[in-house]
Every structure is written in structure tokens, then in C-alpha cells.
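Colleague: Following this line is start_16.cif, made up of mmCIF, C-alpha atoms and all ligand atoms; chains and numbers go by the auth columns:
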```cif
data_query
loop_
_atom_site.group_PDB
_atom_site.id
_atom_site.type_symbol
_atom_site.label_atom_id
_atom_site.label_comp_id
_atom_site.label_asym_id
_atom_site.label_seq_id
_atom_site.Cartn_x
_atom_site.Cartn_y
_atom_site.Cartn_z
_atom_site.B_iso_or_equiv
_atom_site.auth_seq_id
_atom_site.auth_asym_id
ATOM 1 C CA MET A 1 -159.112 -81.148 -36.583 0.00 484 A
ATOM 2 C CA THR A 2 -156.532 -83.803 -37.337 0.00 485 A
ATOM 3 C CA PRO A 3 -157.438 -86.807 -39.497 0.00 486 A
ATOM 4 C CA GLU A 4 -156.839 -89.025 -36.453 0.00 487 A
ATOM 5 C CA MET A 5 -159.540 -87.203 -34.515 0.00 488 A
ATOM 6 C CA ARG A 6 -161.921 -87.306 -37.429 0.00 489 A
ATOM 7 C CA SER A 7 -161.457 -91.037 -37.758 0.00 490 A
ATOM 8 C CA ASN A 8 -163.317 -91.629 -34.497 0.00 491 A
ATOM 9 C CA GLY A 9 -166.485 -90.792 -36.351 0.00 492 A
ATOM 10 C CA ALA A 10 -168.741 -93.751 -36.792 0.00 493 A
ATOM 11 C CA LEU A 11 -171.968 -93.644 -38.694 0.00 494 A
ATOM 12 C CA THR A 12 -175.352 -94.152 -37.070 0.00 495 A
ATOM 13 C CA GLU A 13 -178.475 -95.169 -38.886 0.00 496 A
ATOM 14 C CA GLN A 14 -182.015 -95.318 -37.540 0.00 497 A
ATOM 15 C CA VAL A 15 -183.659 -98.652 -38.250 0.00 498 A
ATOM 16 C CA VAL A 16 -186.683 -100.606 -37.060 0.00 499 A
ATOM 17 C CA CYS A 17 -185.906 -103.390 -34.600 0.00 500 A
ATOM 18 C CA ARG A 18 -186.773 -106.754 -36.138 0.00 501 A
ATOM 19 C CA GLN A 19 -187.848 -108.085 -32.746 0.00 502 A
ATOM 20 C CA CYS A 20 -190.054 -105.347 -31.259 0.00 503 A
ATOM 21 C CA PHE A 21 -190.534 -103.126 -34.333 0.00 504 A
ATOM 22 C CA GLN A 22 -189.548 -99.964 -32.496 0.00 505 A
ATOM 23 C CA ALA A 23 -186.888 -97.433 -33.475 0.00 506 A
ATOM 24 C CA ALA A 24 -183.315 -98.538 -32.882 0.00 507 A
ATOM 25 C CA ALA A 25 -179.887 -97.653 -34.211 0.00 508 A
ATOM 26 C CA VAL A 26 -177.159 -99.388 -36.159 0.00 509 A
ATOM 27 C CA ALA A 27 -173.650 -97.944 -35.845 0.00 510 A
ATOM 28 C CA LEU A 28 -170.979 -98.739 -38.372 0.00 511 A
ATOM 29 C CA GLY A 29 -167.386 -97.836 -38.820 0.00 512 A
ATOM 30 C CA TYR A 30 -163.884 -98.952 -39.610 0.00 513 A
ATOM 31 C CA ASN A 31 -160.881 -100.067 -37.687 0.00 514 A
ATOM 32 C CA ASP A 32 -157.349 -100.956 -38.584 0.00 515 A
ATOM 33 C CA ASP A 33 -156.531 -104.402 -37.270 0.00 516 A
ATOM 34 C CA ARG A 34 -152.720 -104.542 -37.495 0.00 517 A
ATOM 35 C CA GLY A 35 -152.681 -103.450 -41.110 0.00 518 A
ATOM 36 C CA THR A 36 -155.959 -105.065 -42.131 0.00 519 A
ATOM 37 C CA LEU A 37 -158.874 -102.736 -42.784 0.00 520 A
ATOM 38 C CA ARG A 38 -162.009 -104.035 -41.096 0.00 521 A
ATOM 39 C CA SER A 39 -165.538 -102.681 -41.226 0.00 522 A
ATOM 40 C CA TRP A 40 -167.953 -103.307 -38.378 0.00 523 A
ATOM 41 C CA GLU A 41 -171.655 -102.938 -37.644 0.00 524 A
ATOM 42 C CA SER A 42 -173.246 -102.839 -34.247 0.00 525 A
ATOM 43 C CA PHE A 43 -176.967 -102.868 -33.430 0.00 526 A
ATOM 44 C CA HIS A 44 -178.649 -102.127 -30.138 0.00 527 A
ATOM 45 C CA CYS A 45 -182.355 -101.756 -29.445 0.00 528 A
ATOM 46 C CA PRO A 46 -183.093 -99.620 -26.356 0.00 529 A
ATOM 47 C CA HIS A 47 -186.642 -101.022 -26.161 0.00 530 A
ATOM 48 C CA CYS A 48 -186.180 -104.794 -26.082 0.00 531 A
ATOM 49 C CA GLY A 49 -182.421 -105.022 -25.610 0.00 532 A
ATOM 50 C CA LEU A 50 -181.740 -106.933 -28.829 0.00 533 A
ATOM 51 C CA MET A 51 -178.093 -106.604 -29.807 0.00 534 A
ATOM 52 C CA TRP A 52 -175.896 -107.888 -32.556 0.00 535 A
ATOM 53 C CA GLU A 53 -172.504 -107.123 -33.977 0.00 536 A
ATOM 54 C CA SER A 54 -170.764 -108.118 -37.136 0.00 537 A
ATOM 55 C CA ASP A 55 -167.545 -107.273 -38.852 0.00 538 A
ATOM 56 C CA ASP A 56 -165.917 -107.892 -42.146 0.00 539 A
ATOM 57 C CA VAL A 57 -162.545 -107.478 -43.803 0.00 540 A
ATOM 58 C CA GLY A 58 -162.183 -104.692 -46.337 0.00 541 A
ATOM 59 C CA PHE A 59 -164.232 -101.759 -47.482 0.00 542 A
ATOM 60 C CA LEU A 60 -167.783 -100.955 -46.435 0.00 543 A
ATOM 61 C CA GLN A 61 -170.574 -101.713 -48.870 0.00 544 A
ATOM 62 C CA PRO A 62 -171.088 -98.902 -51.441 0.00 545 A
ATOM 63 C CA GLU A 63 -174.213 -97.474 -49.803 0.00 546 A
ATOM 64 C CA PRO A 64 -172.932 -96.994 -46.226 0.00 547 A
ATOM 65 C CA ARG A 65 -169.551 -95.980 -47.661 0.00 548 A
ATOM 66 C CA ALA A 66 -171.220 -93.173 -49.641 0.00 549 A
ATOM 67 C CA ARG A 67 -172.923 -91.981 -46.448 0.00 550 A
ATOM 68 C CA MET A 68 -169.628 -92.139 -44.576 0.00 551 A
ATOM 69 C CA LEU A 69 -167.989 -89.967 -47.241 0.00 552 A
ATOM 70 C CA LYS A 70 -170.840 -87.477 -47.015 0.00 553 A
ATOM 71 C CA GLU A 71 -170.740 -87.303 -43.228 0.00 554 A
ATOM 72 C CA HIS A 72 -167.007 -87.401 -42.520 0.00 555 A
ATOM 73 C CA GLY A 73 -165.647 -85.974 -45.743 0.00 556 A
ATOM 74 C CA GLU A 74 -163.709 -87.269 -48.693 0.00 557 A
ATOM 75 C CA TRP A 75 -159.953 -87.498 -48.277 0.00 558 A
ATOM 76 C CA THR A 76 -156.996 -87.975 -50.573 0.00 559 A
ATOM 77 C CA LEU A 77 -153.654 -89.606 -50.053 0.00 560 A
ATOM 78 C CA ARG A 78 -150.877 -88.032 -52.046 0.00 561 A
ATOM 79 C CA MET A 79 -147.332 -89.176 -52.664 0.00 562 A
ATOM 80 C CA ALA A 80 -145.165 -86.322 -53.906 0.00 563 A
ATOM 81 C CA CYS A 81 -142.091 -88.494 -54.177 0.00 564 A
ATOM 82 C CA THR A 82 -141.518 -92.185 -53.902 0.00 565 A
ATOM 83 C CA LYS A 83 -138.621 -93.769 -52.102 0.00 566 A
ATOM 84 C CA SER A 84 -139.123 -97.158 -53.660 0.00 567 A
ATOM 85 C CA ALA A 85 -141.648 -97.495 -56.460 0.00 568 A
ATOM 86 C CA PHE A 86 -141.323 -101.255 -56.150 0.00 569 A
ATOM 87 C CA ASN A 87 -142.363 -101.266 -52.492 0.00 570 A
ATOM 88 C CA ALA A 88 -145.072 -98.641 -52.948 0.00 571 A
ATOM 89 C CA VAL A 89 -146.601 -100.587 -55.827 0.00 572 A
ATOM 90 C CA LYS A 90 -146.497 -103.734 -53.722 0.00 573 A
ATOM 91 C CA VAL A 91 -148.436 -102.013 -50.926 0.00 574 A
ATOM 92 C CA LEU A 92 -150.989 -100.474 -53.304 0.00 575 A
ATOM 93 C CA ARG A 93 -151.530 -103.767 -55.102 0.00 576 A
ATOM 94 C CA SER A 94 -152.214 -105.821 -52.029 0.00 577 A
ATOM 95 C CA ALA A 95 -154.175 -103.117 -50.149 0.00 578 A
ATOM 96 C CA LEU A 96 -156.400 -102.059 -53.038 0.00 579 A
ATOM 97 C CA ASP A 97 -156.431 -105.327 -54.966 0.00 580 A
ATOM 98 C CA LEU A 98 -154.936 -103.779 -58.107 0.00 581 A
ATOM 99 C CA ASP A 99 -153.059 -105.457 -60.907 0.00 582 A
ATOM 100 C CA LEU A 100 -149.456 -104.464 -61.536 0.00 583 A
ATOM 101 C CA MET A 101 -150.111 -102.065 -64.437 0.00 584 A
ATOM 102 C CA THR A 102 -152.933 -100.279 -62.622 0.00 585 A
ATOM 103 C CA ALA A 103 -150.869 -99.898 -59.467 0.00 586 A
ATOM 104 C CA TYR A 104 -147.986 -98.364 -61.437 0.00 587 A
ATOM 105 C CA ALA A 105 -150.401 -96.050 -63.268 0.00 588 A
ATOM 106 C CA VAL A 106 -151.850 -94.924 -59.920 0.00 589 A
ATOM 107 C CA LEU A 107 -148.387 -94.213 -58.552 0.00 590 A
ATOM 108 C CA LYS A 108 -147.229 -92.359 -61.657 0.00 591 A
ATOM 109 C CA HIS A 109 -150.336 -90.191 -61.961 0.00 592 A
ATOM 110 C CA GLU A 110 -149.313 -86.529 -62.280 0.00 593 A
ATOM 111 C CA SER A 111 -151.587 -85.432 -59.418 0.00 594 A
ATOM 112 C CA GLY A 112 -149.586 -87.613 -57.034 0.00 595 A
ATOM 113 C CA ILE A 113 -152.883 -88.790 -55.556 0.00 596 A
ATOM 114 C CA VAL A 114 -152.783 -92.535 -55.033 0.00 597 A
ATOM 115 C CA PHE A 115 -156.109 -92.898 -53.255 0.00 598 A
ATOM 116 C CA THR A 116 -159.366 -91.075 -52.556 0.00 599 A
ATOM 117 C CA GLY A 117 -161.752 -92.306 -49.895 0.00 600 A
ATOM 118 C CA THR A 118 -162.956 -92.017 -46.330 0.00 601 A
ATOM 119 C CA VAL A 119 -160.758 -90.686 -43.555 0.00 602 A
ATOM 120 C CA HIS A 120 -160.397 -94.204 -42.114 0.00 603 A
ATOM 121 C CA GLU A 121 -159.423 -95.744 -45.434 0.00 604 A
ATOM 122 C CA CYS A 122 -156.818 -93.042 -46.066 0.00 605 A
ATOM 123 C CA LEU A 123 -155.326 -93.425 -42.585 0.00 606 A
ATOM 124 C CA TRP A 124 -155.115 -97.173 -43.026 0.00 607 A
ATOM 125 C CA LEU A 125 -153.385 -96.925 -46.417 0.00 608 A
ATOM 126 C CA LYS A 126 -151.120 -94.134 -45.102 0.00 609 A
ATOM 127 C CA ARG A 127 -149.921 -96.388 -42.282 0.00 610 A
ATOM 128 C CA LEU A 128 -149.253 -99.246 -44.696 0.00 611 A
ATOM 129 C CA LEU A 129 -147.219 -96.983 -46.980 0.00 612 A
ATOM 130 C CA GLU A 130 -145.344 -95.472 -44.033 0.00 613 A
ATOM 131 C CA ARG A 131 -144.445 -98.953 -42.886 0.00 614 A
ATOM 132 C CA ALA A 132 -142.918 -99.463 -46.354 0.00 615 A
ATOM 133 C CA GLY A 133 -140.799 -96.321 -45.861 0.00 616 A
ATOM 134 C CA GLU A 134 -142.943 -93.867 -47.811 0.00 617 A
ATOM 135 C CA SER A 135 -144.241 -90.470 -46.658 0.00 618 A
ATOM 136 C CA PRO A 136 -147.749 -90.001 -48.065 0.00 619 A
ATOM 137 C CA VAL A 137 -149.730 -86.877 -47.154 0.00 620 A
ATOM 138 C CA MET A 138 -153.438 -86.815 -46.363 0.00 621 A
ATOM 139 C CA ALA A 139 -155.722 -83.920 -47.230 0.00 622 A
ATOM 140 C CA GLU A 140 -159.441 -83.363 -47.127 0.00 623 A
ATOM 141 C CA LEU A 141 -161.209 -82.596 -50.378 0.00 624 A
ATOM 142 C CA THR A 142 -163.317 -79.480 -50.068 0.00 625 A
HETATM 143 ZN ZN ZN B . -186.245 -104.109 -30.083 0.00 1 B
#
```
Output the file's structure in the form of C-alpha cells.
Ligand SMILES: [Zn+2]
Modeller:
Amino acid sequence: MTPEMRSNGALTEQVVCRQCFQAAAVALGYNDDRGTLRSWESFHCPHCGLMWESDDVGFLQPEPRARMLKEHGEWTLRMACTKSAFNAVKVLRSALDLDLMTAYAVLKHESGIVFTGTVHECLWLKRLLERAGESPVMAELT
């Protein structure tokens, strides 16, 4: 399965509806909004019809993110060679909120791995780096 196909996977959690107290489900996932990573949550109760949706910029909270990693795998983004360290560092800094030294250290790490995370996060960062002229490679950790 390609990473793109895997990235359709959202996460569903069974919860109790706050209105009718019956079993309902919250779905959550990621999307890439023109280069901005967004996380979303969507609730629907099949019993009383209560619905809500919310979304946020950036990474999921640690707890749902950990479940996402468990369910859809942990992925790495590797850069074997860098066309422009300056540009790559710029992308890593703004995407991952790193300071200059940390971003350079990430890029220069001997493993070549610049990021480890969910399939959606890796795809998002891969697209940002590709837009900067780089050719990062995604792989699933086994
Ligand atoms: Zn309900």
C-alpha cells in the first residue's frame, strides 16, 4: 500500500454522547491545507443526531497522536542528500518549530532521518520539502 492510500485512515473512538448518553463515535484525522497541517475532529451521534466538528492547526494532541501511530504505523522521512541545506533547514524550522541549531542537527544526522511521525505528518513534511526542491523518501518503521 502506498503512503498516500494509508493517509486516508482516520481514527475513530467510541464515546458517550453528552446529550443522550448513548454510544457514539468521534473521528479524527489530518489534512494538508495548502502546506498547513491541520487536525480535525468530527462527532456524530446516531441516536439523537447531535453533531459537532472542530479543527486546529498543527499536530494532534499527544494521546490521539499515539493512537494514530499505533493504528496507522510510524513513518520516517529520510533525506539522503540535500540540494540546499539552507532551504531544507528553513522548511524544517518553520514546519517543526525548531531553532536554527536544532534544525541543522536534524539535517546533518547520520541516519538521514529528518522526521518520524504519522503517515499524514510525513506526507505533509515531504510535500513541503519537495516544494523547496528536495527529494525526501518516506518509509514505514516495522
Ligand atoms: Zn446522542
Colleague: Expressed in Å to a single decimal, how great is the separation between atom CA of Ala506 of chain A and atom CA of Met534 of chain A?
Modeller: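 The value is 13.2 Å.
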Colleague: May I have the residues within 12 Å of ligand ZN 1 (chain B), computed using only C-alpha atoms and all ligand atoms, as a VMD selection string?
Modeller: chain A and resid 498 to 509 526 to 535
Colleague: With the PyMOL selection byres (((chain A and resi 594) around 9) and not hetatm) as the selection, what would be picked from this file? Answer as an MDAnalysis selection string, please.
Modeller: chainID A and resid 561:563 591:593 595:597
Colleague: Please provide as a list of chain:residue names all residues within 10 Å of Ala578 of chain A, with the sequence filter that same-chain residues fewer than 2 positions apart are discarded (counting all atoms listed in the file).
Modeller: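 Within the cut-off, the hits are A:Gly518, A:Thr519, A:Leu520, A:Gly541, A:Val572, A:Lys573, A:Val574, A:Leu575, A:Arg576, A:Asp580, A:Leu581, A:Trp607, A:Leu608, A:Leu611, A:Leu612.
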Colleague: Can you tell me how far atom CA of Ser537 of chain A sits from atom CA of Glu524 of chain A, in Å to one decimal?
Modeller: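 Here the two named atoms are 5.3 Å from each other.
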Colleague: Return the single residue from A:Asn514, A:Ser525, A:Thr585, A:Thr495 that is closest to Met551 of chain A, with distances computed using only C-alpha atoms.
Modeller: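 Closest to Met551 of chain A of all the choices is A:Thr495.
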Colleague: Can you work out the spacing between atom CA of Glu536 of chain A and atom CA of Arg610 of chain A in Å, to one decimal?
Modeller: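 Value for the atom CA of Glu536 of chain A-atom CA of Arg610 of chain A distance: 26.3 Å.
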Colleague: Write out as a list in words the residues lying within 9 Å of Glu557 of chain A, counting all atoms listed in the file and excluding same-chain residues fewer than 6 positions away.
Modeller: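 Returned residues: Met551, Thr599, Gly600, Thr601, Val602, Ala622, Glu623, Leu624 and Thr625 of chain A.
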Colleague: Can you translate the PyMOL selection byres (((chain A and resi 511) around 6) and not hetatm) into the concrete residues it hits in this file, as a list in words?
Modeller: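 Evaluating the PyMOL selection byres (((chain A and resi 511) around 6) and not hetatm) on this file yields Ala493, Leu494, Ala510, Gly512, Trp523 and Glu524 of chain A.
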Colleague: Which residues are close to segment 564-571 of chain A, i.e. within 8 Å by all atoms listed in the file, leaving aside same-chain residues fewer than 4 positions away? Reply as a list in words.
Modeller: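 Listed by chain and then number, they are Leu575, Leu590, Leu612, Ala615, Gly616, Glu617 and Ser618 of chain A.
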